[in-house]
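input_36.txt (compact mmCIF, C-alpha atoms (C1' of nucleotides))
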# COMPACT_ATOMS: atom_id res chain seq x y z
CA MET X 1 0.00 0.00 0.00
CA ASN X 2 1.29 3.40 -0.92
CA ILE X 3 0.42 6.49 1.02
CA GLY X 4 -2.59 7.28 -1.11
CA ASP X 5 -4.19 3.94 -0.43
CA ALA X 6 -3.34 4.17 3.24
CA ALA X 7 -4.95 7.58 3.34
CA LYS X 8 -8.12 6.30 1.76
CA ALA X 9 -8.23 3.24 3.95
CA SER X 10 -7.56 5.08 7.20
CA GLY X 11 -9.36 8.32 6.55
CA VAL X 12 -6.21 10.30 7.39
CA ASN X 13 -5.01 12.37 4.49
CA GLN X 14 -1.53 12.15 3.04
CA LYS X 15 -0.29 15.40 4.44
CA MET X 16 -1.30 14.38 7.90
CA ILE X 17 0.20 10.93 7.59
CA ARG X 18 3.54 12.44 6.70
CA TYR X 19 3.16 14.97 9.45
CA TYR X 20 2.43 12.32 12.05
CA GLU X 21 5.52 10.51 10.92
CA SER X 22 7.63 13.65 11.06
CA ILE X 23 6.68 14.44 14.63
CA GLY X 24 7.22 10.88 15.74
CA LEU X 25 3.62 10.01 16.43
CA ILE X 26 4.03 6.98 14.21
CA GLY X 27 7.41 5.40 13.64
CA TYR X 28 9.28 5.65 10.41
CA VAL X 29 7.39 3.61 7.92
CA ALA X 30 8.97 1.16 5.49
CA ARG X 31 10.02 2.43 2.08
CA SER X 32 10.08 0.58 -1.18
CA ALA X 33 13.01 0.75 -3.57
CA ASN X 34 11.78 3.94 -5.20
CA GLY X 35 11.51 5.73 -1.90
CA TYR X 36 7.75 5.49 -1.61
CA ARG X 37 6.35 4.86 1.84
CA THR X 38 4.65 1.49 2.09
CA TYR X 39 1.97 0.74 4.61
CA THR X 40 0.67 -2.47 6.10
CA GLU X 41 -2.82 -3.18 7.32
CA SER X 42 -1.45 -2.68 10.80
CA ASP X 43 -0.19 0.79 9.91
CA VAL X 44 -3.59 1.66 8.56
CA HIS X 45 -5.14 0.40 11.75
CA THR X 46 -2.91 2.70 13.73
CA LEU X 47 -3.76 5.64 11.52
CA ALA X 48 -7.45 4.98 11.92
CA PHE X 49 -6.94 4.89 15.66
CA ILE X 50 -5.28 8.28 15.51
CA ARG X 51 -8.04 9.65 13.39
CA ARG X 52 -10.74 8.59 15.80
CA ALA X 53 -8.83 9.97 18.73
CA ARG X 54 -8.39 13.28 16.91
CA ARG X 55 -12.07 13.36 16.19
CA LEU X 56 -12.70 13.13 19.88
CA GLY X 57 -10.47 16.12 20.29
CA PHE X 58 -7.49 14.38 21.86
CA PRO X 59 -4.35 16.40 21.26
CA ILE X 60 -1.45 14.61 19.65
CA GLU X 61 0.44 14.37 22.90
CA ARG X 62 -2.35 12.52 24.61
CA ILE X 63 -2.81 10.29 21.61
CA GLN X 64 0.79 9.30 21.98
CA ALA X 65 0.07 8.17 25.51
CA LEU X 66 -3.06 6.36 24.40
CA MET X 67 -1.19 4.52 21.70
CA ALA X 68 1.49 3.43 24.10
CA LEU X 69 -1.19 1.89 26.28
CA TRP X 70 -2.94 0.47 23.27
CA ARG X 71 0.16 -1.42 22.32
CA ASP X 72 0.96 -2.45 25.86
CA LYS X 73 -1.05 -5.58 26.43
CA ARG X 74 -0.30 -5.44 30.13
CA ARG X 75 -1.68 -1.97 30.69
CA SER X 76 -4.38 -1.39 33.24
CA SER X 77 -7.62 -0.01 31.97
CA ALA X 78 -7.45 2.47 34.81
CA GLU X 79 -4.61 4.29 33.07
CA VAL X 80 -6.60 4.63 29.90
CA LYS X 81 -9.61 5.78 31.79
CA ALA X 82 -7.58 8.42 33.59
CA ILE X 83 -6.40 9.88 30.30
CA ALA X 84 -9.91 9.88 28.93
CA ARG X 85 -11.25 11.52 32.05
CA GLY X 86 -8.58 14.17 31.86
CA HIS X 87 -9.61 14.90 28.35
CA ILE X 88 -13.26 15.05 29.26
CA ASP X 89 -12.39 17.62 31.88
CA GLU X 90 -10.59 19.72 29.32
CA LEU X 91 -13.47 19.48 26.93
CA GLN X 92 -15.79 20.50 29.71
CA ALA X 93 -13.63 23.47 30.59
CA LYS X 94 -13.63 24.65 27.00
CA ILE X 95 -17.35 24.15 26.73
CA GLU X 96 -17.93 26.24 29.81
CA GLU X 97 -15.64 28.94 28.57
CA LEU X 98 -17.51 29.15 25.31
CA ALA X 99 -20.86 28.93 27.01
CA GLU X 100 -19.92 31.83 29.23
CA MET X 101 -19.04 33.89 26.19
CA ARG X 102 -22.30 32.95 24.59
CA ARG X 103 -24.27 33.87 27.68
CA THR X 104 -22.68 37.28 27.96
CA LEU X 105 -23.18 37.93 24.32
CA GLU X 106 -26.77 36.83 24.44
CA HIS X 107 -27.48 39.29 27.18
CA LEU X 108 -26.06 42.05 25.08
CA VAL X 109 -27.93 40.93 22.01
CA ALA X 110 -31.16 40.68 23.94
CA SER X 111 -30.89 44.28 25.04
CA CYS X 112 -30.19 45.58 21.57
CA ALA X 113 -33.12 46.81 19.56
CA GLY X 114 -31.61 45.78 16.26
CA ASP X 115 -33.31 48.44 14.24
CA ASP X 116 -32.22 51.41 12.15
CA ARG X 117 -31.16 53.53 15.06
CA PRO X 118 -27.51 53.65 16.05
CA ASP X 119 -28.00 53.13 19.78
CA CYS X 120 -26.49 49.80 20.55
CA PRO X 121 -25.95 48.25 23.95
CA ILE X 122 -23.67 45.69 22.35
CA LEU X 123 -21.15 48.30 21.35
CA ASP X 124 -21.69 50.12 24.61
CA GLY X 125 -20.95 46.92 26.48
CA LEU X 126 -17.79 46.37 24.54
CA SER X 127 -16.56 49.90 24.88
CA ALA X 128 -17.32 50.62 28.51
CA GLN X 129 -18.09 47.40 30.23
CA THR X 130 -18.29 47.41 34.00
CA GLU X 131 -15.79 44.55 34.18
CA ALA X 132 -17.81 43.07 37.01
CA ALA X 133 -15.96 39.79 36.75
CA ASP X 134 -12.62 41.45 37.39
CA PRO X 135 -11.58 41.55 41.03
CA ARG X 136 -9.96 44.93 40.54
CA PRO X 137 -11.77 48.08 41.68
CA ALA X 138 -10.78 50.05 38.56
CA GLY X 139 -11.67 53.55 39.66
CA PRO X 140 -13.32 56.18 37.45
CA ALA X 141 -10.10 56.83 35.49
CA SER X 142 -7.95 59.95 35.94
CA ARG X 143 -5.87 58.07 38.48
CA ARG X 144 -2.96 58.08 36.09
CA GLY X 145 -0.32 59.63 38.38
CA GLY X 146 0.56 57.52 41.35
CA ALA X 147 1.36 54.07 40.11
CA PRO X 148 1.00 51.97 43.25
CA GLY X 149 3.64 49.55 42.11
CA GLY X 150 1.77 47.44 39.61
CA ALA X 151 2.93 44.36 37.76
CA MET G 1 1.66 57.34 27.17
CA ASN G 2 4.18 54.83 26.00
CA ILE G 3 3.23 51.32 25.08
CA GLY G 4 3.79 49.97 28.56
CA ASP G 5 1.32 52.39 30.07
CA ALA G 6 -1.15 51.76 27.32
CA ALA G 7 -0.83 48.05 27.96
CA LYS G 8 -1.50 48.47 31.63
CA ALA G 9 -4.37 50.83 31.07
CA SER G 10 -6.06 48.73 28.39
CA GLY G 11 -5.27 45.26 29.61
CA VAL G 12 -3.77 44.33 26.24
CA ASN G 13 -0.14 43.41 26.50
CA GLN G 14 2.61 45.06 24.53
CA LYS G 15 3.21 42.21 22.15
CA MET G 16 -0.43 42.16 21.22
CA ILE G 17 -0.65 45.89 20.81
CA ARG G 18 2.18 45.79 18.32
CA TYR G 19 0.64 42.80 16.64
CA TYR G 20 -2.72 44.51 16.27
CA GLU G 21 -0.96 47.44 14.72
CA SER G 22 1.02 45.23 12.36
CA ILE G 23 -2.06 43.50 11.01
CA GLY G 24 -3.91 46.76 10.59
CA LEU G 25 -6.50 46.22 13.28
CA ILE G 26 -5.54 49.55 14.73
CA GLY G 27 -4.01 52.26 12.59
CA TYR G 28 -0.41 53.28 12.82
CA VAL G 29 0.01 55.01 16.10
CA ALA G 30 1.92 58.25 16.62
CA ARG G 31 5.60 58.06 17.44
CA SER G 32 7.66 60.41 19.52
CA ALA G 33 11.06 61.66 18.42
CA ASN G 34 12.85 58.60 19.75
CA GLY G 35 10.64 56.25 17.82
CA TYR G 36 8.53 55.18 20.77
CA ARG G 37 4.86 54.65 20.13
CA THR G 38 2.69 57.15 21.95
CA TYR G 39 -0.89 56.46 22.87
CA THR G 40 -3.80 58.70 23.68
CA GLU G 41 -6.73 57.96 25.94
CA SER G 42 -8.70 57.26 22.83
CA ASP G 43 -6.20 54.66 21.69
CA VAL G 44 -6.44 52.99 25.03
CA HIS G 45 -10.18 53.01 24.75
CA THR G 46 -9.91 51.26 21.41
CA LEU G 47 -7.54 48.68 22.80
CA ALA G 48 -9.85 47.96 25.68
CA PHE G 49 -12.66 47.50 23.20
CA ILE G 50 -10.60 44.97 21.33
CA ARG G 51 -9.72 43.17 24.49
CA ARG G 52 -13.31 42.77 25.53
CA ALA G 53 -14.31 41.58 22.11
CA ARG G 54 -11.50 39.04 22.14
CA ARG G 55 -12.64 37.85 25.52
CA LEU G 56 -16.00 37.14 24.02
CA GLY G 57 -14.25 35.06 21.42
CA PHE G 58 -14.69 37.38 18.47
CA PRO G 59 -12.02 36.71 15.87
CA ILE G 60 -9.95 39.66 14.74
CA GLU G 61 -11.75 39.90 11.46
CA ARG G 62 -15.11 40.34 13.10
CA ILE G 63 -13.66 42.80 15.55
CA GLN G 64 -12.58 44.87 12.62
CA ALA G 65 -16.17 44.99 11.44
CA LEU G 66 -17.39 45.82 14.92
CA MET G 67 -14.93 48.65 15.25
CA ALA G 68 -15.97 50.11 11.95
CA LEU G 69 -19.54 50.21 13.21
CA TRP G 70 -18.42 51.48 16.55
CA ARG G 71 -16.81 54.46 14.90
CA ASP G 72 -19.66 55.01 12.51
CA LYS G 73 -22.13 57.10 14.44
CA ARG G 74 -24.74 56.56 11.77
CA ARG G 75 -24.66 52.77 11.91
CA SER G 76 -27.82 50.83 12.56
CA SER G 77 -27.85 48.70 15.63
CA ALA G 78 -29.23 45.93 13.44
CA GLU G 79 -25.85 45.56 11.77
CA VAL G 80 -24.11 45.16 15.08
CA LYS G 81 -26.69 42.73 16.26
CA ALA G 82 -26.26 40.65 13.13
CA ILE G 83 -22.54 40.32 13.72
CA ALA G 84 -23.09 39.38 17.32
CA ARG G 85 -25.70 36.82 16.35
CA GLY G 86 -23.36 35.33 13.82
CA HIS G 87 -20.75 34.96 16.47
CA ILE G 88 -23.20 33.40 18.89
CA ASP G 89 -24.03 30.85 16.24
CA GLU G 90 -20.39 30.01 15.81
CA LEU G 91 -19.90 29.69 19.52
CA GLN G 92 -22.89 27.44 19.66
CA ALA G 93 -21.57 25.27 16.86
CA LYS G 94 -18.27 24.86 18.65
CA ILE G 95 -19.98 24.10 21.89
CA GLU G 96 -22.04 21.42 20.26
CA GLU G 97 -19.03 19.92 18.59
CA LEU G 98 -17.20 19.71 21.88
CA ALA G 99 -20.25 18.44 23.68
CA GLU G 100 -20.62 15.68 21.13
CA MET G 101 -17.03 14.66 21.74
CA ARG G 102 -17.60 14.69 25.42
CA ARG G 103 -20.74 12.60 25.16
CA THR G 104 -19.04 9.96 23.08
CA LEU G 105 -16.10 9.87 25.38
CA GLU G 106 -18.30 9.64 28.42
CA HIS G 107 -20.02 6.61 27.01
CA LEU G 108 -16.69 4.97 26.49
CA VAL G 109 -15.47 5.91 29.93
CA ALA G 110 -18.65 4.67 31.53
CA SER G 111 -18.19 1.25 30.01
CA CYS G 112 -14.59 0.95 31.12
CA ALA G 113 -13.95 -0.82 34.39
CA GLY G 114 -10.91 1.29 35.19
CA ASP G 115 -9.17 -1.38 37.20
CA ASP G 116 -5.94 -3.35 36.91
CA ARG G 117 -7.04 -5.48 34.03
CA PRO G 118 -6.08 -4.52 30.50
CA ASP G 119 -9.52 -4.92 28.93
CA CYS G 120 -10.59 -1.47 27.92
CA PRO G 121 -13.62 -0.49 25.89
CA ILE G 122 -12.12 2.93 25.40
CA LEU G 123 -9.20 1.59 23.41
CA ASP G 124 -11.48 -0.87 21.71
CA GLY G 125 -13.74 1.94 20.67
CA LEU G 126 -10.83 3.93 19.29
CA SER G 127 -9.33 1.01 17.44
CA ALA G 128 -12.37 -0.60 15.87
CA GLN G 129 -15.23 1.78 16.17
CA THR G 130 -18.40 1.05 14.25
CA GLU G 131 -18.35 4.54 12.68
CA ALA G 132 -22.09 4.72 13.11
CA ALA G 133 -22.08 8.46 12.56
CA ASP G 134 -20.48 8.15 9.13
CA PRO G 135 -23.00 7.97 6.30
CA ARG G 136 -20.70 5.69 4.35
CA PRO G 137 -21.29 1.94 4.39
CA ALA G 138 -17.55 1.21 4.64
CA GLY G 139 -17.55 -2.44 3.71
CA PRO G 140 -15.23 -5.02 5.28
CA ALA G 141 -12.21 -3.58 3.44
CA SER G 142 -10.79 -5.12 0.27
CA ARG G 143 -12.85 -2.70 -1.78
CA ARG G 144 -9.70 -0.93 -2.77
CA GLY G 145 -10.23 -0.90 -6.54
CA GLY G 146 -13.20 1.13 -7.66
CA ALA G 147 -12.72 4.66 -6.44
CA PRO G 148 -16.14 6.30 -6.81
CA GLY G 149 -14.62 9.63 -7.67
CA GLY G 150 -14.31 11.41 -4.37
CA ALA G 151 -11.50 13.88 -3.68
C1' DG A 1 30.69 62.01 33.39
C1' DC A 2 29.39 57.35 34.01
C1' DT A 3 26.72 53.50 35.40
C1' DT A 4 22.48 51.18 36.25
C1' DG A 5 18.09 49.77 35.28
C1' DA A 6 13.75 50.30 33.17
C1' DC A 7 11.79 50.93 29.01
C1' DC A 8 11.39 50.73 24.06
C1' DC A 9 12.57 49.14 19.22
C1' DT A 10 12.75 45.38 15.43
C1' DC A 11 13.32 40.75 13.99
C1' DC A 12 13.15 35.73 14.43
C1' DC A 13 11.15 31.58 16.30
C1' DA A 14 7.64 28.51 18.49
C1' DC A 15 3.18 26.73 19.43
C1' DC A 16 -1.09 23.17 17.21
C1' DA A 17 -2.80 20.89 13.44
C1' DT A 18 -3.92 21.54 9.01
C1' DG A 19 -3.49 22.51 4.31
C1' DG A 20 -1.74 24.76 -0.28
C1' DG A 21 1.59 24.71 -3.64
C1' DA A 22 6.09 24.23 -6.18
C1' DA A 23 9.76 21.50 -8.20
C1' DG A 24 11.11 17.23 -9.31
C1' DC A 25 11.25 11.89 -9.53
C1' DC A 26 8.73 7.33 -10.60
C1' DC A 27 5.62 4.41 -12.88
C1' DT A 28 2.16 2.95 -16.18
C1' DA A 29 -0.67 3.30 -20.23
C1' DT A 30 -1.14 4.76 -24.72
C1' DA F 1 7.85 9.34 -26.47
C1' DT F 2 4.53 11.56 -23.99
C1' DA F 3 0.86 12.27 -20.84
C1' DG F 4 -1.02 11.65 -16.42
C1' DG F 5 -1.18 10.40 -11.92
C1' DG F 6 1.23 9.27 -7.80
C1' DC F 7 5.01 10.02 -4.87
C1' DT F 8 8.95 12.80 -2.76
C1' DT F 9 10.75 16.96 -0.23
C1' DC F 10 10.61 21.76 0.98
C1' DC F 11 8.53 26.25 1.92
C1' DC F 12 4.64 29.02 3.41
C1' DA F 13 0.22 30.27 5.71
C1' DT F 14 -3.31 30.10 9.06
C1' DG F 15 -4.76 32.63 14.37
C1' DG F 16 -3.35 34.57 18.05
C1' DT F 17 -0.06 34.42 21.60
C1' DG F 18 4.27 34.60 23.54
C1' DG F 19 9.61 34.03 24.28
C1' DG F 20 13.92 35.86 23.42
C1' DA F 21 17.99 38.13 21.16
C1' DG F 22 20.38 42.29 20.12
C1' DG F 23 20.34 46.99 20.37
C1' DG F 24 18.74 52.02 21.20
C1' DT F 25 16.89 55.61 24.76
C1' DC F 26 15.91 57.79 28.81
C1' DA F 27 16.01 59.16 33.74
C1' DA F 28 17.98 58.74 38.20
C1' DG F 29 21.83 58.31 41.26
C1' DC F 30 26.70 58.52 42.18

Structure re-expressed in structure tokens:
Amino acid sequence: MNIGDAAKASGVNQKMIRYYESIGLIGYVARSANGYRTYTESDVHTLAFIRRARRLGFPIERIQALMALWRDKRRSSAEVKAIARGHIDELQAKIEELAEMRRTLEHLVASCAGDDRPDCPILDGLSAQTEAADPRPAGPASRRGGAPGGA
Amino acid sequence: MNIGDAAKASGVNQKMIRYYESIGLIGYVARSANGYRTYTESDVHTLAFIRRARRLGFPIERIQALMALWRDKRRSSAEVKAIARGHIDELQAKIEELAEMRRTLEHLVASCAGDDRPDCPILDGLSAQTEAADPRPAGPASRRGGAPGGA
DNA sequence: GCTTGACCCTCCCACCATGGGAAGCCCTAT
DNA sequence: ATAGGGCTTCCCATGGTGGGAGGGTCAAGC
């Protein structure tokens, strides 16, 4: 199997296959006399594994760990589970971050008339927000003289 | 105000301020005789605007559009609202994508004992998944001859 | 005057994962 | 022989963010 066939069979495109090889995610693959990479069914299996892990959002680094366990027939499932849980937590954190953005933005959108007039609480919010989330007092400006010793 | 003060006052760090200038998000800023960038209160205001928009996840390109409307006193709030809605939709799409990953992963994790034994449905799922979500039949391999024409 | 330290400048590099494209070799079919 | 498709490597770009090198500038203190 040349790289094109491996790409089709695994669902990972050629560029990515070469990239994964270059960063050491998969070992150097065998080459035929003309220098073409040649792939076995097993290689394709590995690539498909990577693809599915990527689709679940695992970063390359974590996939490396997963693959090590995958190959290690004496692993404990607890180790795998721990990695997966860690990733779930990261997904969750990102989801919450995005959801928080969405919430804030929805509030702004809800208070905006959305008509022909220029008055727009969205822009007002962006340009002079109260920064309620910030733990700093942030006085009414004009305090630009005595730097208390900041960062 | 030099760049350091502007950074402190706006919450955007120096690197980013220079970057925003270099990509044209903010216009070229005035320079003093020694070549230092000098910022006005208005510049700081703009930077703070950018920072808040970034915090809401707006990409630079959209921020550019927002700033144009911000400066245009004759804009209609509908335009602003449309941009914000578009961004909300994108946030939502990302959230759903991540949530779908999380759901799948949670199913796998739930079915994994997480003990000392090597048996692990998580790895099994990654290595031989049924690909139920894919609309392709994906026969039992060995169909490697007749490419239907796809990219 | 000289040193010290804080500040500023530009330029290069890295991240993560993905992809585009060029220049050139290899193989097969006509 | 020529066309075409596949393969190779190498460079570049993305979006934002940041690190760091190497050097100029300014103000304060001695």

Among listed residues F:DC30, F:DC12, F:DA21, F:DC7, nearest chain X (using only C-alpha atoms (C1' of nucleotides)):
F:DC7

Please determine the contact residues of chain G with respect to chain A at a cut-off of 10 Å, counting only C-alpha atoms (C1' of nucleotides), and supply them as a JSON list (two decimals) with C-alpha atoms, in the coordinates of the input.
[["chain", "number", "residue", "atom", "x", "y", "z"],
["G", 2, "ASN", "CA", 4.18, 54.83, 26.00],
["G", 3, "ILE", "CA", 3.23, 51.32, 25.08],
["G", 4, "GLY", "CA", 3.79, 49.97, 28.56],
["G", 34, "ASN", "CA", 12.85, 58.60, 19.75],
["G", 35, "GLY", "CA", 10.64, 56.25, 17.82],
["G", 36, "TYR", "CA", 8.53, 55.18, 20.77],
["G", 37, "ARG", "CA", 4.86, 54.65, 20.13]]

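Across the structure, CA of Phe58 (chain G) and CA of Gly27 (chain G) are spaced 19.2 Å apart.
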
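CA of Ile60 (chain G) lies 9.5 Å from CA of Ile23 (chain G).
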
Is it possible to get the axis-aligned box enclosing region 27-37 of chain G (all listed atoms, 3 Å extra per side) as AutoDock Vina command-line options, with centre and edge lengths in Å rounded to one decimal?
--center_x 4.4 --center_y 57.0 --center_z 16.7 --size_x 22.9 --size_y 15.4 --size_z 14.2

If the cut-off is 12 Å, can you tell me the residues of chain G near chain F, counting all atoms listed in the file? I'd like them as an mmCIF file with C-alpha atoms, in the coordinates of the input.
data_model
loop_
_atom_site.group_PDB
_atom_site.id
_atom_site.type_symbol
_atom_site.label_atom_id
_atom_site.label_comp_id
_atom_site.auth_asym_id
_atom_site.auth_seq_id
_atom_site.Cartn_x
_atom_site.Cartn_y
_atom_site.Cartn_z
ATOM 1 C CA VAL G 12 -3.770 44.330 26.240
ATOM 2 C CA ASN G 13 -0.140 43.410 26.500
ATOM 3 C CA GLN G 14 2.610 45.060 24.530
ATOM 4 C CA LYS G 15 3.210 42.210 22.150
ATOM 5 C CA MET G 16 -0.430 42.160 21.220
ATOM 6 C CA ILE G 17 -0.650 45.890 20.810
ATOM 7 C CA TYR G 19 0.640 42.800 16.640
ATOM 8 C CA TYR G 20 -2.720 44.510 16.270
ATOM 9 C CA ILE G 23 -2.060 43.500 11.010
ATOM 10 C CA SER G 32 7.660 60.410 19.520
ATOM 11 C CA ALA G 33 11.060 61.660 18.420
ATOM 12 C CA ASN G 34 12.850 58.600 19.750
ATOM 13 C CA GLY G 35 10.640 56.250 17.820
ATOM 14 C CA TYR G 36 8.530 55.180 20.770
ATOM 15 C CA ARG G 54 -11.500 39.040 22.140
ATOM 16 C CA GLY G 57 -14.250 35.060 21.420
ATOM 17 C CA PHE G 58 -14.690 37.380 18.470
ATOM 18 C CA PRO G 59 -12.020 36.710 15.870
ATOM 19 C CA ILE G 60 -9.950 39.660 14.740
ATOM 20 C CA GLU G 61 -11.750 39.900 11.460
#

Define the interface residues of chain G facing chain X as those within 6 Å, counting all atoms listed in the file, and report them as a PyMOL selection string.
chain G and resi 49+52+56+74-78+81+88+95+101-102+114-118+120+126-127

For chain G fitted to chain X over all Cα atoms in order, what RMSD does a least-squares superposition give?
1.0 Å

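The spacing separating CA of Glu21 (chain G) from CA of Thr40 (chain G) amounts to 14.7 Å.
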